[in-house]
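Next comes coords.tsv, a file with TSV, N, CA and C atoms and all ligand atoms.
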```
chain	number	residue	atom	x	y	z
T	324	MET	N	29.87	-28.67	-5.00
T	324	MET	CA	30.95	-27.99	-4.27
T	324	MET	C	30.86	-26.49	-4.47
T	325	TYR	N	31.14	-25.77	-3.44
T	325	TYR	CA	31.05	-24.31	-3.50
T	325	TYR	C	31.94	-23.73	-2.42
T	326	ARG	N	32.22	-22.44	-2.55
T	326	ARG	CA	33.00	-21.76	-1.52
T	326	ARG	C	32.05	-20.93	-0.67
T	327	CYS	N	32.12	-21.11	0.64
T	327	CYS	CA	31.25	-20.38	1.54
T	327	CYS	C	31.63	-18.90	1.55
T	328	HIS	N	30.64	-18.03	1.49
T	328	HIS	CA	30.89	-16.59	1.44
T	328	HIS	C	31.46	-16.09	2.76
T	329	PHE	N	31.08	-16.69	3.88
T	329	PHE	CA	31.46	-16.16	5.19
T	329	PHE	C	32.80	-16.72	5.66
T	330	CYS	N	32.98	-18.06	5.63
T	330	CYS	CA	34.23	-18.62	6.16
T	330	CYS	C	35.22	-18.94	5.04
T	331	LYS	N	34.85	-18.75	3.78
T	331	LYS	CA	35.74	-18.86	2.62
T	331	LYS	C	36.31	-20.26	2.40
T	332	THR	N	35.75	-21.29	3.05
T	332	THR	CA	36.26	-22.63	2.83
T	332	THR	C	35.43	-23.32	1.74
T	333	VAL	N	36.08	-24.23	1.03
T	333	VAL	CA	35.39	-24.99	-0.01
T	333	VAL	C	34.70	-26.18	0.63
T	334	SER	N	33.44	-26.41	0.25
T	334	SER	CA	32.66	-27.47	0.89
T	334	SER	C	33.09	-28.84	0.38
T	335	GLN	N	32.68	-29.87	1.10
T	335	GLN	CA	32.86	-31.24	0.64
T	335	GLN	C	31.92	-31.48	-0.55
T	336	PRO	N	32.30	-32.41	-1.44
T	336	PRO	CA	31.38	-32.72	-2.55
T	336	PRO	C	30.06	-33.28	-2.01
T	337	ASN	N	28.99	-33.01	-2.74
T	337	ASN	CA	27.67	-33.54	-2.40
T	337	ASN	C	27.03	-32.95	-1.16
T	338	THR	N	27.49	-31.79	-0.71
T	338	THR	CA	26.79	-31.11	0.38
T	338	THR	C	25.95	-29.98	-0.21
T	339	LEU	N	24.79	-29.76	0.37
T	339	LEU	CA	23.89	-28.75	-0.15
T	339	LEU	C	24.36	-27.36	0.25
T	340	ALA	N	24.24	-26.43	-0.68
T	340	ALA	CA	24.57	-25.04	-0.39
T	340	ALA	C	23.35	-24.34	0.20
T	341	ASN	N	23.59	-23.38	1.07
T	341	ASN	CA	22.51	-22.57	1.62
T	341	ASN	C	22.58	-21.19	1.00
T	342	ARG	N	21.45	-20.74	0.48
T	342	ARG	CA	21.41	-19.40	-0.08
T	342	ARG	C	21.02	-18.42	1.02
T	343	VAL	N	21.87	-17.40	1.23
T	343	VAL	CA	21.64	-16.42	2.27
T	343	VAL	C	21.41	-15.07	1.61
T	344	VAL	N	20.30	-14.44	1.96
T	344	VAL	CA	19.98	-13.13	1.41
T	344	VAL	C	20.67	-12.07	2.23
T	345	LEU	N	21.50	-11.26	1.57
T	345	LEU	CA	22.22	-10.21	2.29
T	345	LEU	C	21.51	-8.88	2.17
T	346	GLU	N	20.84	-8.64	1.05
T	346	GLU	CA	20.25	-7.34	0.82
T	346	GLU	C	18.91	-7.50	0.13
T	347	THR	N	17.93	-6.70	0.54
T	347	THR	CA	16.65	-6.67	-0.17
T	347	THR	C	16.34	-5.23	-0.50
T	348	ARG	N	15.48	-5.03	-1.48
T	348	ARG	CA	15.05	-3.67	-1.82
T	348	ARG	C	13.55	-3.68	-2.02
T	349	PRO	N	12.89	-2.57	-1.64
T	349	PRO	CA	11.45	-2.49	-1.86
T	349	PRO	C	11.14	-2.35	-3.34
T	350	THR	N	10.07	-2.95	-3.77
T	350	THR	CA	9.70	-2.87	-5.18
T	350	THR	C	8.19	-2.85	-5.32
T	351	GLU	N	7.73	-2.37	-6.44
T	351	GLU	CA	6.29	-2.32	-6.72
T	351	GLU	C	6.01	-3.11	-7.97
T	352	TYR	N	4.91	-3.84	-7.94
T	352	TYR	CA	4.50	-4.62	-9.10
T	352	TYR	C	3.25	-3.98	-9.68
T	353	PRO	N	3.27	-3.65	-10.96
T	353	PRO	CA	2.10	-3.01	-11.55
T	353	PRO	C	0.94	-3.99	-11.69
T	354	SER	N	-0.27	-3.47	-11.72
T	354	SER	CA	-1.44	-4.33	-11.89
T	354	SER	C	-1.49	-4.81	-13.34
T	355	ARG	N	-1.95	-6.04	-13.51
T	355	ARG	CA	-2.04	-6.60	-14.86
T	355	ARG	C	-3.49	-6.98	-15.13
T	356	PRO	N	-4.12	-6.26	-16.01
T	356	PRO	CA	-5.53	-6.56	-16.28
T	356	PRO	C	-5.68	-7.90	-16.99
T	357	LYS	N	-6.67	-8.67	-16.59
T	357	LYS	CA	-7.04	-9.95	-17.22
T	357	LYS	C	-5.89	-10.96	-17.23
T	358	ALA	N	-5.12	-11.02	-16.14
T	358	ALA	CA	-3.96	-11.91	-16.10
T	358	ALA	C	-4.31	-13.29	-15.53
T	359	GLN	N	-5.31	-13.36	-14.65
T	359	GLN	CA	-5.65	-14.63	-14.01
T	359	GLN	C	-6.83	-15.27	-14.72
T	360	ARG	N	-6.64	-16.52	-15.19
T	360	ARG	CA	-7.74	-17.22	-15.86
T	360	ARG	C	-8.36	-18.20	-14.86
T	361	ARG	N	-9.65	-18.16	-14.72
T	361	ARG	CA	-10.32	-19.07	-13.79
T	361	ARG	C	-11.58	-19.62	-14.46
T	362	ARG	N	-11.84	-20.90	-14.24
T	362	ARG	CA	-13.01	-21.51	-14.85
T	362	ARG	C	-14.18	-21.42	-13.89
T	363	ILE	N	-15.29	-20.92	-14.37
T	363	ILE	CA	-16.51	-20.88	-13.56
T	363	ILE	C	-17.54	-21.70	-14.33
T	364	GLY	N	-17.84	-22.91	-13.82
T	364	GLY	CA	-18.70	-23.81	-14.57
T	364	GLY	C	-17.97	-24.24	-15.84
T	365	ARG	N	-18.54	-23.97	-16.97
T	365	ARG	CA	-17.87	-24.32	-18.23
T	365	ARG	C	-17.19	-23.13	-18.86
T	366	LYS	N	-17.37	-21.97	-18.26
T	366	LYS	CA	-16.84	-20.74	-18.84
T	366	LYS	C	-15.47	-20.41	-18.24
T	367	ILE	N	-14.57	-19.90	-19.07
T	367	ILE	CA	-13.28	-19.40	-18.55
T	367	ILE	C	-13.38	-17.88	-18.48
T	368	LYS	N	-13.17	-17.36	-17.27
T	368	LYS	CA	-13.23	-15.91	-17.09
T	368	LYS	C	-11.85	-15.39	-16.75
T	369	ASN	N	-11.55	-14.19	-17.18
T	369	ASN	CA	-10.26	-13.55	-16.88
T	369	ASN	C	-10.45	-12.53	-15.77
T	370	PHE	N	-9.57	-12.62	-14.77
T	370	PHE	CA	-9.62	-11.68	-13.66
T	370	PHE	C	-8.36	-10.84	-13.64
T	371	ASP	N	-8.47	-9.65	-13.07
T	371	ASP	CA	-7.31	-8.75	-13.01
T	371	ASP	C	-6.38	-9.16	-11.87
T	372	ASP	N	-5.09	-9.01	-12.10
T	372	ASP	CA	-4.11	-9.17	-11.02
T	372	ASP	C	-3.89	-7.79	-10.42
T	373	PRO	N	-4.10	-7.64	-9.10
T	373	PRO	CA	-4.07	-6.30	-8.52
T	373	PRO	C	-2.68	-5.68	-8.45
T	374	GLY	N	-1.62	-6.50	-8.54
T	374	GLY	CA	-0.27	-5.95	-8.35
T	374	GLY	C	-0.06	-5.64	-6.89
T	375	GLY	N	0.93	-4.82	-6.58
T	375	GLY	CA	1.16	-4.46	-5.19
T	375	GLY	C	2.60	-4.10	-4.95
T	376	ALA	N	3.00	-4.16	-3.68
T	376	ALA	CA	4.37	-3.81	-3.31
T	376	ALA	C	4.94	-4.89	-2.42
T	377	GLY	N	6.24	-5.03	-2.43
T	377	GLY	CA	6.89	-6.02	-1.59
T	377	GLY	C	8.39	-5.81	-1.62
T	378	TYR	N	9.14	-6.87	-1.28
T	378	TYR	CA	10.59	-6.78	-1.28
T	378	TYR	C	11.15	-7.82	-2.24
T	379	GLU	N	12.20	-7.43	-2.95
T	379	GLU	CA	12.87	-8.40	-3.81
T	379	GLU	C	14.33	-8.49	-3.39
T	380	ILE	N	14.95	-9.64	-3.68
T	380	ILE	CA	16.32	-9.90	-3.27
T	380	ILE	C	17.27	-9.09	-4.13
T	381	ALA	N	18.18	-8.35	-3.49
T	381	ALA	CA	19.17	-7.58	-4.23
T	381	ALA	C	20.52	-8.28	-4.25
T	382	ARG	N	20.86	-8.98	-3.15
T	382	ARG	CA	22.14	-9.69	-3.11
T	382	ARG	C	21.97	-10.98	-2.32
T	383	GLU	N	22.43	-12.07	-2.92
T	383	GLU	CA	22.28	-13.39	-2.31
T	383	GLU	C	23.61	-14.12	-2.48
T	384	VAL	N	24.04	-14.84	-1.46
T	384	VAL	CA	25.32	-15.56	-1.53
T	384	VAL	C	25.12	-17.00	-1.10
T	385	LEU	N	26.09	-17.85	-1.48
T	385	LEU	CA	26.09	-19.24	-1.06
T	385	LEU	C	26.90	-19.36	0.22
T	386	SER	N	26.44	-20.19	1.15
T	386	SER	CA	27.21	-20.39	2.37
T	386	SER	C	27.01	-21.81	2.87
T	387	CYS	N	27.90	-22.23	3.78
T	387	CYS	CA	27.76	-23.54	4.39
T	387	CYS	C	26.67	-23.46	5.46
T	388	ARG	N	26.27	-24.61	5.97
T	388	ARG	CA	25.11	-24.67	6.85
T	388	ARG	C	25.33	-23.92	8.16
T	389	SER	N	26.50	-24.11	8.77
T	389	SER	CA	26.75	-23.49	10.08
T	389	SER	C	26.78	-21.96	9.95
T	390	CYS	N	27.39	-21.46	8.86
T	390	CYS	CA	27.44	-20.01	8.67
T	390	CYS	C	26.04	-19.46	8.39
T	391	ALA	N	25.22	-20.20	7.64
T	391	ALA	CA	23.87	-19.74	7.34
T	391	ALA	C	23.04	-19.65	8.61
T	392	GLU	N	23.20	-20.65	9.51
T	392	GLU	CA	22.45	-20.62	10.77
T	392	GLU	C	22.91	-19.46	11.66
T	393	ARG	N	24.23	-19.22	11.69
T	393	ARG	CA	24.75	-18.11	12.49
T	393	ARG	C	24.23	-16.78	11.94
T	394	HIS	N	24.23	-16.65	10.60
T	394	HIS	CA	23.75	-15.42	9.99
T	394	HIS	C	22.27	-15.20	10.28
T	395	ALA	N	21.48	-16.28	10.23
T	395	ALA	CA	20.04	-16.17	10.51
T	395	ALA	C	19.80	-15.74	11.95
T	396	ALA	N	20.62	-16.25	12.89
T	396	ALA	CA	20.48	-15.88	14.29
T	396	ALA	C	20.80	-14.40	14.50
T	397	GLU	N	21.79	-13.91	13.75
T	397	GLU	CA	22.15	-12.49	13.87
T	397	GLU	C	21.06	-11.60	13.30
T	398	GLN	N	20.39	-12.08	12.22
T	398	GLN	CA	19.36	-11.28	11.57
T	398	GLN	C	18.16	-11.07	12.49
T	399	VAL	N	17.87	-12.03	13.37
T	399	VAL	CA	16.72	-11.91	14.27
T	399	VAL	C	16.93	-10.76	15.24
T	400	GLU	N	18.20	-10.59	15.70
T	400	GLU	CA	18.48	-9.54	16.67
T	400	GLU	C	18.33	-8.14	16.06
T	401	GLU	N	18.83	-7.95	14.82
T	401	GLU	CA	18.68	-6.65	14.17
T	401	GLU	C	18.02	-6.84	12.81
T	402	PRO	N	16.80	-6.33	12.64
T	402	PRO	CA	16.10	-6.49	11.37
T	402	PRO	C	16.86	-5.86	10.20
T	403	ALA	N	16.79	-6.48	9.02
T	403	ALA	CA	17.56	-6.02	7.86
T	403	ALA	C	17.09	-4.66	7.38
T	404	PHE	N	15.79	-4.41	7.39
T	404	PHE	CA	15.29	-3.11	6.93
T	404	PHE	C	14.49	-2.48	8.06
T	405	ALA	N	15.10	-1.56	8.74
T	405	ALA	CA	14.42	-0.89	9.86
T	405	ALA	C	14.28	0.60	9.58
Q	501	ZN	ZN	30.85	-21.11	6.15
```
When written as structure tokens, how does the structure in this file appear?
Ligand SMILES: [Zn+2]
Amino acid sequence: MYRCHFCKTVSQPNTLANRVVLETRPTEYPSRPKAQRRRIGRKIKNFDDPGGAGYEIAREVLSCRSCAERHAAEQVEEPAFA
């Protein structure tokens, strides 16, 4: 049971909550030397993880299914980070 963030109603017991991302922020991941272990034949070799950049979730809320679908439809019309 949970309270929907958008319509503020409490759900019925045993219904699944939908996690809706409201905000994201750009982030960078540093490279990690020798982080990936891979076996080549009988030898285990360590490879570097290159790191990179992407987006991470800044704010996420629980919502009911109908509100989550409506929110997703609105997101398509206007991109979250433009
Ligand atoms: Zn709702």
**Item:** ligand ZN 501 (chain Q) neighbours within 5 Å using only N, CA and C atoms and all ligand atoms, as a list in words
**Value:** Cys327, Phe329, Cys330, Cys387 and Cys390 of chain T
**Message:** Could you list, as a list in words, every residue within 6 Å of Leu345 of chain T, counting only N, CA and C atoms and ignoring same-chain residues fewer than 5 positions away?
**Reply:** Arg382, Glu383 and Val384 of chain T
**Request:** Please indicate the distance in Å from atom C of Gln398 of chain T to atom C of Ala340 of chain T, rounded to one decimal place.
**Result:**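 Computing the Euclidean distance for atom C of Gln398 of chain T and atom C of Ala340 of chain T yields 18.8 Å.
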**Message:** I'd like to know which residues of chain T are strand (DSSP E or B) (by DSSP, run on the backbone); could you write them as a ChimeraX atom specification?
**Reply:** /T:326,333,341-352,355-363,366-372,375-386
**Asked** Please, which residues are within 8 Å of (0.6, -6.8, -6.2) by the file's coordinates, counting all atoms listed in the file, and could they come as JSON, numbers by chain?
**Response** {"T": [351, 352, 353, 354, 355, 372, 373, 374, 375, 376, 377]}
**Message:** I'd like the interatomic distance between atom CA of Glu346 of chain T and atom C of Arg326 of chain T, to a tenth of an Å.
**Reply:**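 Rounded to one decimal, the two atoms are 18.1 Å apart.
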**Request:** Among the residues of chain T, find those DSSP assigns to alpha helix (DSSP H) from the backbone and print them as a ChimeraX atom specification.
**Result:** /T:388-400
**Request:** Could you give me, as a PyMOL selection string, the residues within 6.5 Å of Thr347 of chain T, counting only N, CA and C atoms and dropping anything in the same chain fewer than 3 positions from it?
**Result:** chain T and resi 344+378-382
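What separates atom CA of Ser334 of chain T from atom CA of Ala395 of chain T is a distance of 19.5 Å.
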**Message:** Need to verify the contact set: Pro356 of chain T, 7 Å, all atoms listed in the file, exclusion of same-chain residues closer than 2 positions in sequence. Can you return it as a PyMOL selection string?
**Reply:** chain T and resi 354+358-359+369-372
**Prompt:** Which is closer to Arg342 of chain T than all the others in T:Leu385, T:His394, T:Lys366, T:Arg361, using only N, CA and C atoms?
**Reply:**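 Of all the options, T:Leu385 lies closest to Arg342 of chain T.
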**Message:** Restricting the calculation to only C-alpha atoms: of T:Met324, T:Val399, T:Ile363, T:Val343, which residue gets closest to Ser386 of chain T?
**Reply:**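 That would be T:Val343, the residue with the smallest distance to Ser386 of chain T.
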Output file: chain T, C-alpha atoms, as a short mmCIF file (atom, residue, chain, number, x, y, z; two decimals), in the first residue's frame:
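The resulting file, decode17.cif, is shown below:
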```cif
data_model
loop_
_atom_site.label_atom_id
_atom_site.label_comp_id
_atom_site.auth_asym_id
_atom_site.auth_seq_id
_atom_site.Cartn_x
_atom_site.Cartn_y
_atom_site.Cartn_z
CA MET T 324 0.00 0.00 0.00
CA TYR T 325 1.20 3.46 -0.84
CA ARG T 326 -0.06 6.96 -1.47
CA CYS T 327 0.10 8.13 -5.07
CA HIS T 328 2.16 11.30 -5.49
CA PHE T 329 -0.12 12.75 -8.20
CA CYS T 330 -3.71 11.94 -7.15
CA LYS T 331 -2.91 11.57 -3.40
CA THR T 332 -5.13 8.50 -2.97
CA VAL T 333 -4.05 5.43 -1.02
CA SER T 334 -3.80 2.30 -3.17
CA GLN T 335 -5.55 -0.99 -2.56
CA PRO T 336 -3.45 -3.62 -0.77
CA ASN T 337 -1.34 -5.85 -3.01
CA THR T 338 -1.14 -3.45 -5.96
CA LEU T 339 2.25 -2.68 -7.42
CA ALA T 340 3.63 0.83 -7.11
CA ASN T 341 5.09 2.60 -10.14
CA ARG T 342 8.26 4.57 -9.66
CA VAL T 343 8.17 7.81 -11.64
CA VAL T 344 11.33 9.84 -12.18
CA LEU T 345 10.64 13.53 -11.78
CA GLU T 346 14.15 14.94 -11.98
CA THR T 347 17.49 13.82 -13.37
CA ARG T 348 20.90 15.44 -13.22
CA PRO T 349 23.97 14.99 -15.41
CA THR T 350 26.84 13.19 -13.74
CA GLU T 351 30.30 11.93 -14.57
CA TYR T 352 31.80 8.63 -13.54
CA PRO T 353 35.56 8.52 -13.11
CA SER T 354 37.59 5.81 -14.83
CA ARG T 355 38.60 2.90 -12.62
CA PRO T 356 41.82 1.17 -13.54
CA LYS T 357 41.82 -2.65 -13.43
CA ALA T 358 38.16 -2.86 -12.36
CA GLN T 359 36.91 -5.50 -14.83
CA ARG T 360 38.18 -9.06 -14.38
CA ARG T 361 37.97 -11.31 -17.42
CA ARG T 362 39.29 -14.80 -17.98
CA ILE T 363 41.29 -15.41 -21.13
CA GLY T 364 42.00 -19.13 -21.39
CA ARG T 365 43.22 -20.05 -17.92
CA LYS T 366 44.50 -16.59 -17.09
CA ILE T 367 42.50 -13.87 -15.32
CA LYS T 368 43.27 -10.45 -16.73
CA ASN T 369 42.19 -7.09 -15.34
CA PHE T 370 40.83 -4.46 -17.68
CA ASP T 371 40.23 -0.77 -17.06
CA ASP T 372 36.72 0.62 -16.74
CA PRO T 373 36.64 3.73 -18.94
CA GLY T 374 34.07 5.64 -16.86
CA GLY T 375 32.02 8.25 -18.67
CA ALA T 376 29.06 10.57 -18.33
CA GLY T 377 25.34 10.03 -18.04
CA TYR T 378 22.25 10.97 -16.05
CA GLU T 379 21.33 9.92 -12.55
CA ILE T 380 17.94 10.15 -10.83
CA ALA T 381 17.58 13.16 -8.55
CA ARG T 382 13.93 12.78 -7.53
CA GLU T 383 11.67 9.74 -7.81
CA VAL T 384 8.13 9.26 -6.48
CA LEU T 385 5.64 6.43 -6.12
CA SER T 386 2.43 6.63 -8.12
CA CYS T 387 -0.53 4.52 -9.18
CA ARG T 388 -0.58 2.97 -12.64
CA SER T 389 -2.95 5.41 -14.35
CA CYS T 390 -1.04 8.46 -13.07
CA ALA T 391 2.29 6.92 -14.14
CA GLU T 392 0.96 6.31 -17.66
CA ARG T 393 -0.41 9.86 -17.88
CA HIS T 394 2.91 11.27 -16.66
CA ALA T 395 4.84 9.19 -19.21
CA ALA T 396 2.58 10.46 -22.02
CA GLU T 397 3.22 14.05 -20.96
CA GLN T 398 6.99 13.46 -20.85
CA VAL T 399 7.03 12.40 -24.52
CA GLU T 400 5.58 15.76 -25.59
CA GLU T 401 8.16 17.84 -23.69
CA PRO T 402 11.58 16.29 -22.98
CA ALA T 403 12.72 16.54 -19.33
CA PHE T 404 16.16 17.96 -20.15
CA ALA T 405 16.16 20.21 -23.18
#
```
